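Visitor: If it helps, the file is called data21.csv and holds CSV, C-alpha atoms:
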chain,number,residue,atom,x,y,z
I,1,MET,CA,171.6,55.5,22.6
I,2,LEU,CA,172.1,56.8,19.1
I,3,ASP,CA,172.0,54.0,16.5
I,4,ALA,CA,172.5,54.1,12.8
I,5,ALA,CA,168.7,54.5,12.0
I,6,ALA,CA,168.3,57.3,14.5
I,7,PHE,CA,171.4,59.0,13.0
I,8,GLU,CA,169.9,58.8,9.5
I,9,ARG,CA,166.6,60.4,10.8
I,10,LEU,CA,168.5,63.2,12.6
I,11,TYR,CA,170.6,63.8,9.5
I,12,ALA,CA,167.6,64.1,7.2
I,13,ARG,CA,165.7,66.2,9.6
I,14,HIS,CA,168.3,68.7,10.6
I,15,ARG,CA,170.9,68.9,7.8
I,16,ALA,CA,169.2,71.8,5.9
I,17,GLY,CA,168.4,73.8,9.0
I,18,LEU,CA,171.9,73.5,10.4
I,19,HIS,CA,173.5,74.3,7.0
I,20,ALA,CA,171.3,77.4,6.7
I,21,PHE,CA,172.2,78.5,10.3
I,22,LEU,CA,175.9,78.0,9.7
I,23,LEU,CA,175.8,79.7,6.3
I,24,ARG,CA,174.1,82.8,7.8
I,25,MET,CA,176.6,82.8,10.8
I,26,THR,CA,179.7,82.4,8.7
I,27,GLY,CA,178.7,84.0,5.4
I,28,GLU,CA,180.8,81.4,3.5
I,29,ARG,CA,179.4,78.3,1.8
I,30,ALA,CA,182.7,76.3,2.0
I,31,VAL,CA,183.1,77.1,5.7
I,32,ALA,CA,179.4,76.3,6.4
I,33,GLU,CA,179.8,72.9,4.7
I,34,GLU,CA,183.0,72.1,6.7
I,35,LEU,CA,181.3,73.1,10.0
I,36,LEU,CA,178.2,71.1,9.1
I,37,GLN,CA,180.4,68.0,8.5
I,38,GLU,CA,182.2,68.6,11.8
I,39,THR,CA,178.8,68.9,13.6
I,40,PHE,CA,177.6,65.5,12.4
I,41,LEU,CA,181.0,63.9,13.0
I,42,ARG,CA,180.7,65.1,16.6
I,43,LEU,CA,177.2,63.6,16.7
I,44,ALA,CA,178.7,60.3,15.5
I,45,ARG,CA,181.4,60.4,18.1
I,46,SER,CA,179.4,61.5,21.1
I,47,GLY,CA,175.9,60.3,20.1
I,48,PRO,CA,176.3,56.7,21.4
I,49,LEU,CA,177.2,58.2,24.9
I,50,LEU,CA,174.4,60.7,25.1
I,51,ALA,CA,171.5,60.1,27.5
I,52,PRO,CA,168.3,58.7,25.8
I,53,ASP,CA,166.3,61.7,26.7
I,54,THR,CA,168.8,64.1,25.0
I,55,ASP,CA,167.2,66.9,22.9
I,56,PHE,CA,169.2,66.2,19.8
I,57,CYS,CA,167.9,69.3,18.0
I,58,ALA,CA,169.2,71.5,20.8
I,59,TRP,CA,172.4,69.5,21.0
I,60,LEU,CA,173.2,69.8,17.3
I,61,PHE,CA,172.5,73.5,17.2
I,62,THR,CA,174.7,73.9,20.3
I,63,VAL,CA,177.6,72.2,18.6
I,64,ALA,CA,177.0,74.2,15.4
I,65,ARG,CA,176.9,77.4,17.3
I,66,ASN,CA,180.1,76.7,19.2
I,67,LEU,CA,181.9,75.7,16.0
I,68,SER,CA,180.8,78.9,14.3
I,69,ARG,CA,182.0,81.0,17.3
I,70,SER,CA,185.4,79.2,17.2
I,71,HIS,CA,185.7,79.8,13.5
I,72,ARG,CA,184.9,83.5,14.0
I,73,ARG,CA,187.6,83.8,16.7
I,74,TRP,CA,190.3,82.1,14.6
I,75,ARG,CA,189.2,84.2,11.6
I,76,VAL,CA,190.0,87.4,13.5
I,77,LEU,CA,193.4,86.1,14.3
I,78,GLU,CA,194.3,85.5,10.7
I,79,LEU,CA,197.0,88.1,9.9
I,80,GLY,CA,195.4,89.2,6.6
I,81,ARG,CA,192.0,89.5,8.1
I,82,LEU,CA,193.4,91.5,10.9
I,83,ALA,CA,195.1,93.9,8.5
I,84,GLU,CA,191.9,94.2,6.6
I,85,LEU,CA,189.9,95.1,9.7
I,86,VAL,CA,192.5,97.6,10.9
I,87,PHE,CA,193.5,99.3,7.7
I,88,ALA,CA,190.6,99.0,5.4
I,89,PRO,CA,187.3,98.6,7.3
I,90,ARG,CA,184.5,98.1,4.9
I,91,ALA,CA,181.0,96.7,4.6
I,92,PRO,CA,180.6,92.9,4.7
I,93,PRO,CA,180.7,91.2,1.3
I,94,PRO,CA,177.4,90.1,-0.2
I,95,SER,CA,176.2,86.9,1.4
I,96,PRO,CA,175.6,83.9,-0.8
I,97,LEU,CA,172.1,83.9,0.7
I,98,GLU,CA,171.3,87.1,-1.0
I,99,ALA,CA,171.3,85.3,-4.3
I,100,LEU,CA,168.8,82.9,-3.0
I,101,ALA,CA,166.4,85.5,-1.8
I,102,ALA,CA,163.0,85.3,-3.5
I,103,SER,CA,162.3,89.0,-3.2
I,104,ASP,CA,163.8,92.4,-2.5
I,105,ALA,CA,162.3,92.2,1.0
I,106,GLN,CA,164.1,88.9,1.7
I,107,ARG,CA,167.3,90.3,0.3
I,108,ALA,CA,167.0,93.3,2.6
I,109,LEU,CA,166.4,91.0,5.5
I,110,GLU,CA,169.5,88.9,4.7
I,111,GLN,CA,171.6,92.0,4.4
I,112,ALA,CA,170.2,93.3,7.7
I,113,LEU,CA,170.9,90.0,9.4
I,114,ALA,CA,174.4,89.9,8.1
I,115,GLN,CA,175.0,93.4,9.7
I,116,LEU,CA,173.8,92.4,13.1
I,117,PRO,CA,176.2,91.4,15.9
I,118,ALA,CA,176.8,87.6,15.9
I,119,GLY,CA,175.0,87.2,19.2
I,120,ASP,CA,171.8,88.9,18.0
I,121,ARG,CA,172.0,87.1,14.7
I,122,GLU,CA,172.3,83.6,16.2
I,123,LEU,CA,169.4,84.3,18.5
I,124,LEU,CA,167.1,85.5,15.7
I,125,LEU,CA,168.1,82.6,13.5
I,126,LEU,CA,167.4,80.0,16.1
I,127,VAL,CA,164.0,81.5,17.1
I,128,GLY,CA,162.8,83.0,13.8
I,129,VAL,CA,164.2,80.8,11.1
I,130,GLU,CA,164.7,77.5,12.8
I,131,GLY,CA,161.7,77.7,15.1
I,132,LEU,CA,163.4,76.5,18.2
I,133,GLY,CA,161.4,76.8,21.4
I,134,PRO,CA,162.5,79.1,24.3
I,135,THR,CA,163.8,76.2,26.4
I,136,GLN,CA,165.8,74.9,23.4
I,137,VAL,CA,167.2,78.3,22.6
I,138,ALA,CA,168.2,78.8,26.3
I,139,SER,CA,169.9,75.5,26.2
I,140,VAL,CA,171.8,76.2,23.0
I,141,LEU,CA,173.0,79.6,24.2
I,142,GLY,CA,173.6,78.6,27.8
I,143,LEU,CA,171.2,81.2,29.1
I,144,LYS,CA,168.1,81.4,31.3
I,145,PRO,CA,164.8,81.6,29.4
I,146,GLU,CA,164.2,85.1,30.9
I,147,ALA,CA,167.6,86.3,29.6
I,148,VAL,CA,166.7,84.8,26.2
I,149,ARG,CA,163.5,86.8,26.1
I,150,GLN,CA,165.3,90.1,27.0
I,151,ARG,CA,168.0,89.5,24.4
I,152,LEU,CA,165.5,88.5,21.8
I,153,SER,CA,163.6,91.7,22.4
I,154,ARG,CA,166.8,93.8,21.9
I,155,ALA,CA,167.8,91.8,18.8
I,156,ARG,CA,164.4,92.3,17.2
I,157,ALA,CA,164.6,96.0,17.8
I,158,ARG,CA,168.1,96.2,16.2
I,159,LEU,CA,167.0,94.2,13.2
I,160,SER,CA,163.9,96.4,12.8
I,161,ALA,CA,166.1,99.5,13.0
I,162,LEU,CA,168.4,98.1,10.3
I,163,LEU,CA,165.4,97.2,8.1
I,164,GLY,CA,164.0,100.6,8.7
I,165,GLU,CA,167.2,102.3,7.7
I,166,GLU,CA,167.4,100.3,4.5
I,167,GLN,CA,163.9,101.2,3.6
I,168,GLY,CA,164.7,104.9,4.2
I,169,VAL,CA,163.1,105.2,7.7
I,170,PRO,CA,165.4,106.9,10.2
I,171,ARG,CA,166.8,104.7,12.9
I,172,ARG,CA,165.1,106.5,15.8
I,173,GLU,CA,161.6,106.0,14.3
I,174,ALA,CA,162.2,102.4,13.5
I,175,SER,CA,163.5,101.3,16.8
I,176,GLY,CA,161.5,103.8,18.9
I,177,GLY,CA,158.2,102.0,18.2
I,178,ARG,CA,159.5,98.8,19.7
I,179,ARG,CA,161.0,100.1,22.9
T,1,MET,CA,154.1,84.0,15.8
T,2,THR,CA,152.8,87.6,15.9
T,3,ASP,CA,156.0,89.6,15.7
T,4,PRO,CA,156.3,90.8,12.1
T,5,VAL,CA,160.1,90.5,12.1
T,6,GLU,CA,159.9,86.9,13.2
T,7,GLN,CA,157.2,86.3,10.6
T,8,ARG,CA,159.5,87.5,7.9
T,9,LEU,CA,162.4,85.5,9.4
T,10,ALA,CA,160.3,82.3,9.3
T,11,GLU,CA,159.7,82.9,5.5
T,12,LEU,CA,163.5,82.9,4.7
T,13,PRO,CA,164.7,79.9,2.8
T,14,LYS,CA,166.8,77.1,4.4
T,15,PRO,CA,169.4,76.4,1.7
T,16,ASP,CA,170.6,72.9,1.8
T,17,VAL,CA,174.0,71.5,0.7
T,18,ASP,CA,174.1,69.9,-2.8
T,19,ALA,CA,173.3,66.2,-3.1
T,20,LEU,CA,176.9,65.1,-3.5
T,21,THR,CA,178.1,67.0,-0.4
T,22,ALA,CA,175.2,65.8,1.6
T,23,GLU,CA,176.0,62.2,0.7
T,24,ARG,CA,179.7,62.7,1.4
T,25,ILE,CA,179.0,64.1,4.9
T,26,ARG,CA,176.5,61.4,5.6
T,27,ARG,CA,178.9,58.6,4.7
T,28,ARG,CA,181.8,60.0,6.7
T,29,ALA,CA,179.6,60.6,9.8
T,30,ARG,CA,177.9,57.2,9.4
T,31,THR,CA,181.3,55.4,9.1
T,32,GLU,CA,182.5,57.2,12.3
T,33,LEU,CA,179.3,56.3,14.1
T,34,LEU,CA,179.6,52.6,13.1
T,35,ALA,CA,183.2,52.6,14.3
T,36,GLN,CA,182.1,54.1,17.6
T,37,LEU,CA,179.3,51.5,18.0
T,38,GLU,CA,181.7,48.6,17.4
T,39,ARG,CA,183.8,49.7,20.3
T,40,PRO,CA,182.9,48.2,23.7
T,41,ALA,CA,180.9,50.5,26.0
T,42,TRP,CA,183.7,50.8,28.5
T,43,ALA,CA,186.2,51.9,25.8
T,44,ARG,CA,183.7,54.6,24.6
T,45,ARG,CA,183.3,55.8,28.2
T,46,LEU,CA,187.1,55.8,28.7
T,47,GLY,CA,187.6,57.8,25.4
T,48,GLU,CA,184.9,60.3,26.5
T,49,LEU,CA,186.5,60.6,30.0
T,50,TRP,CA,189.9,61.1,28.4
T,51,SER,CA,188.8,63.8,25.9
T,52,ARG,CA,186.5,65.7,28.3
T,53,ARG,CA,188.3,65.5,31.7
T,54,LEU,CA,191.7,63.8,31.7
T,55,GLU,CA,193.3,65.5,28.6
T,56,PRO,CA,192.2,69.1,29.6
T,57,ALA,CA,193.4,68.4,33.2
T,58,LEU,CA,196.7,67.1,31.9
T,59,VAL,CA,197.2,70.1,29.6
T,60,ALA,CA,196.3,72.5,32.5
T,61,ALA,CA,198.8,70.7,34.8
T,62,VAL,CA,201.6,70.9,32.3
T,63,VAL,CA,200.9,74.6,31.7
T,64,LEU,CA,200.9,75.4,35.4
T,65,LEU,CA,204.1,73.5,35.9
T,66,TYR,CA,205.8,75.3,33.0
T,67,ALA,CA,204.5,78.7,34.3
T,68,ALA,CA,205.8,77.9,37.8
T,69,TRP,CA,209.2,76.9,36.4
T,70,ALA,CA,209.4,80.0,34.1
T,71,LEU,CA,208.6,82.3,37.0
T,72,SER,CA,211.1,80.7,39.4
T,73,THR,CA,213.8,80.8,36.7
T,74,ALA,CA,213.0,84.4,36.0
T,75,GLY,CA,213.2,85.2,39.7
T,76,GLU,CA,216.6,83.5,40.1
T,77,LEU,CA,217.9,85.4,37.1
T,78,VAL,CA,216.7,88.7,38.4
T,79,SER,CA,218.2,88.1,41.9
T,80,ALA,CA,221.5,86.9,40.3
T,81,GLY,CA,221.5,90.0,38.2
T,82,ALA,CA,221.0,92.2,41.4
T,83,GLN,CA,223.9,90.5,43.2
T,84,GLU,CA,226.3,90.6,40.3
T,85,PRO,CA,227.6,94.2,40.8
T,86,GLN,CA,228.6,93.5,44.4
T,87,ALA,CA,230.4,90.3,43.4
T,88,SER,CA,232.3,92.1,40.6
T,89,ALA,CA,233.2,95.0,43.0
T,90,ALA,CA,234.6,92.4,45.4
T,91,LEU,CA,236.7,90.9,42.7
T,92,VAL,CA,238.1,94.2,41.6
T,93,LEU,CA,239.0,95.6,45.0
T,94,PRO,CA,241.8,93.1,45.9
T,95,GLY,CA,243.5,93.8,42.6
T,96,ASN,CA,243.8,97.4,43.4
What would you get if you wrote out this structure as structure tokens?
Guide:
Amino acid sequence: MLDAAAFERLYARHRAGLHAFLLRMTGERAVAEELLQETFLRLARSGPLLAPDTDFCAWLFTVARNLSRSHRRWRVLELGRLAELVFAPRAPPPSPLEALAASDAQRALEQALAQLPAGDRELLLLVGVEGLGPTQVASVLGLKPEAVRQRLSRARARLSALLGEEQGVPRREASGGRR
Amino acid sequence: MTDPVEQRLAELPKPDVDALTAERIRRRARTELLAQLERPAWARRLGELWSRRLEPALVAAVVLLYAAWALSTAGELVSAGAQEPQASAALVLPGN
């Protein structure tokens, strides 16, 4: 059962990782903060009922991922956003993370991540940035570990292709080496 | 981690929220947790059962009942509309 001390430990350990994940999934600082708060409120509400052997890291990222997906769906339904998508499709705005990038290479990586489909992005963030294990990632995404491996391979290839494009390498060369 | 892409991903920063926001979120969630912990275990389980099972089932039942009512009403209206020309013809004929 989750008690106050365990909650404090989980909050200290996972706050930054969850915030970084939500920020990269939503691209908006205010939204990421709101979803981070909702993630920990849900932990506070459901934590006392969870089994003692619950993997809280996977549980928290599952909640955060579901919240970011819900936010994305509602965002598309906003009338203004819909009009923007239909009448004036444009490149995504610069992410707040780009300002934090320590180098051009990191900035290029942030830009490439932001351009990936959300499914690829969340997978790469969970594995590459947050360092979750295959079982944890499978649990967060509701997939089998084998499916995670296949999707990860495709996501890596797409990210490499995007990075290759930004560095002036044609897409076919960049992705061809990994297939 | 041998994959160069994942190597680069691992080096990305993990930006945290500012200290004030972190404290605000911590306090809100902690207050919620303490309120949950004060409730008896049976009340927590009942709350969980309500929000996870009973409430969705109730909403689904209401939606199904409403859909059934709407379909049956639409069917009655359509069939009444189909019978209407005959009825009006019957009404007109005796007058002639």
Visitor: What are the residues of chain T lining chain I at 12 Å or less? Count only C-alpha atoms, and put the answer as a PyMOL selection string.
Guide: chain T and resi 1-49+51-52
Visitor: Please indicate the distance in Å from atom CA of Gly142 of chain I to atom CA of Leu162 of chain I, rounded to one decimal place.
Guide: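 Straight-line distance from atom CA of Gly142 of chain I to atom CA of Leu162 of chain I works out to 26.7 Å.
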Visitor: Can you measure atom CA of Ala64 of chain I to atom CA of Pro145 of chain I for me? One decimal in Å is fine.
Guide: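 For atom CA of Ala64 of chain I relative to atom CA of Pro145 of chain I, the distance reads 20.0 Å.
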Visitor: Could you tell me how far atom CA of Val140 of chain I sits from atom CA of Leu123 of chain I, in Å to one decimal place?
Guide: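 Interatomic distance, atom CA of Leu123 of chain I to atom CA of Val140 of chain I: 9.6 Å.
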Visitor: Taking all listed atoms of segment 15-28 of chain T, build the axis-aligned box, pad each of the six sides by 8 Å, then write its centre and edge lengths in Å to one decimal as AutoDock Vina command-line options.
Guide:
--center_x 175.6 --center_y 67.5 --center_z 1.6 --size_x 28.4 --size_y 33.8 --size_z 26.2
Visitor: Compile the contact shell of Glu122 of chain I as a PyMOL selection string: residues with an atom at most 8 Å away, counting all atoms listed in the file, same-chain residues fewer than 3 positions apart removed.
Guide: chain I and resi 21+25+65+118-119+125-126
Visitor: Take the point (158.6, 76.7, 26.1) as written in the file and pick out every residue within 12 Å of it, counting only C-alpha atoms; give the list as a PyMOL selection string.
Guide: chain I and resi 127+131-139+144-146+148-149
Visitor: Output as a tab-separated table (two decimals), in the frame of the given file: segment 112-123 of chain I, completed with all heavy atoms.
Guide:
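Listing of rebuild_6.tsv after writing:
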chain	number	residue	atom	x	y	z
I	112	ALA	N	170.35	92.81	6.37
I	112	ALA	CA	170.20	93.30	7.70
I	112	ALA	C	170.73	92.29	8.74
I	112	ALA	O	171.44	92.63	9.70
I	112	ALA	CB	168.78	93.70	8.03
I	113	LEU	N	170.38	91.03	8.52
I	113	LEU	CA	170.90	90.00	9.40
I	113	LEU	C	172.38	89.90	9.43
I	113	LEU	O	173.00	89.75	10.48
I	113	LEU	CB	170.31	88.61	8.94
I	113	LEU	CG	168.97	88.15	9.48
I	113	LEU	CD1	168.54	86.87	8.76
I	113	LEU	CD2	169.01	87.90	10.97
I	114	ALA	N	172.97	90.03	8.24
I	114	ALA	CA	174.40	89.90	8.10
I	114	ALA	C	175.12	91.08	8.86
I	114	ALA	O	176.27	90.95	9.28
I	114	ALA	CB	174.85	89.91	6.67
I	115	GLN	N	174.42	92.20	9.00
I	115	GLN	CA	175.00	93.40	9.70
I	115	GLN	C	174.89	93.30	11.19
I	115	GLN	O	175.53	94.06	11.90
I	115	GLN	CB	174.37	94.65	9.17
I	115	GLN	CG	174.78	95.01	7.75
I	115	GLN	CD	174.00	96.21	7.25
I	115	GLN	OE1	173.86	97.20	7.94
I	115	GLN	NE2	173.47	96.10	6.05
I	116	LEU	N	174.02	92.43	11.68
I	116	LEU	CA	173.80	92.40	13.10
I	116	LEU	C	175.01	91.76	13.84
I	116	LEU	O	175.73	90.96	13.24
I	116	LEU	CB	172.59	91.46	13.42
I	116	LEU	CG	171.20	92.04	13.27
I	116	LEU	CD1	170.18	90.94	13.51
I	116	LEU	CD2	170.96	93.18	14.24
I	117	PRO	N	175.21	92.12	15.11
I	117	PRO	CA	176.20	91.40	15.90
I	117	PRO	C	175.92	89.92	15.93
I	117	PRO	O	174.73	89.54	15.88
I	117	PRO	CB	176.12	92.03	17.28
I	117	PRO	CG	175.38	93.30	17.10
I	117	PRO	CD	174.53	93.15	15.89
I	118	ALA	N	176.96	89.09	15.99
I	118	ALA	CA	176.80	87.60	15.90
I	118	ALA	C	175.79	87.12	16.97
I	118	ALA	O	174.99	86.23	16.69
I	118	ALA	CB	178.10	86.93	16.02
I	119	GLY	N	175.84	87.69	18.17
I	119	GLY	CA	175.00	87.20	19.20
I	119	GLY	C	173.50	87.44	18.92
I	119	GLY	O	172.65	86.57	19.15
I	120	ASP	N	173.19	88.60	18.36
I	120	ASP	CA	171.80	88.90	18.00
I	120	ASP	C	171.39	87.99	16.81
I	120	ASP	O	170.27	87.47	16.76
I	120	ASP	CB	171.68	90.35	17.50
I	120	ASP	CG	171.77	91.32	18.67
I	120	ASP	OD1	171.72	90.85	19.82
I	120	ASP	OD2	171.90	92.53	18.43
I	121	ARG	N	172.33	87.82	15.86
I	121	ARG	CA	172.00	87.10	14.70
I	121	ARG	C	171.65	85.60	15.01
I	121	ARG	O	170.66	85.05	14.58
I	121	ARG	CB	173.16	87.10	13.66
I	121	ARG	CG	172.76	86.69	12.27
I	121	ARG	CD	173.89	86.81	11.29
I	121	ARG	NE	174.96	87.67	11.75
I	121	ARG	CZ	176.25	87.44	11.53
I	121	ARG	NH1	176.62	86.38	10.87
I	121	ARG	NH2	177.17	88.27	11.97
I	122	GLU	N	172.52	85.00	15.85
I	122	GLU	CA	172.30	83.60	16.20
I	122	GLU	C	170.95	83.41	16.90
I	122	GLU	O	170.21	82.45	16.64
I	122	GLU	CB	173.44	82.98	16.96
I	122	GLU	CG	173.67	83.58	18.31
I	122	GLU	CD	174.97	83.12	18.95
I	122	GLU	OE1	175.80	82.51	18.26
I	122	GLU	OE2	175.16	83.41	20.14
I	123	LEU	N	170.63	84.36	17.76
I	123	LEU	CA	169.40	84.30	18.50
I	123	LEU	C	168.17	84.37	17.56
I	123	LEU	O	167.24	83.56	17.62
I	123	LEU	CB	169.35	85.42	19.52
I	123	LEU	CG	168.19	85.49	20.49
I	123	LEU	CD1	167.99	84.17	21.20
I	123	LEU	CD2	168.43	86.60	21.50
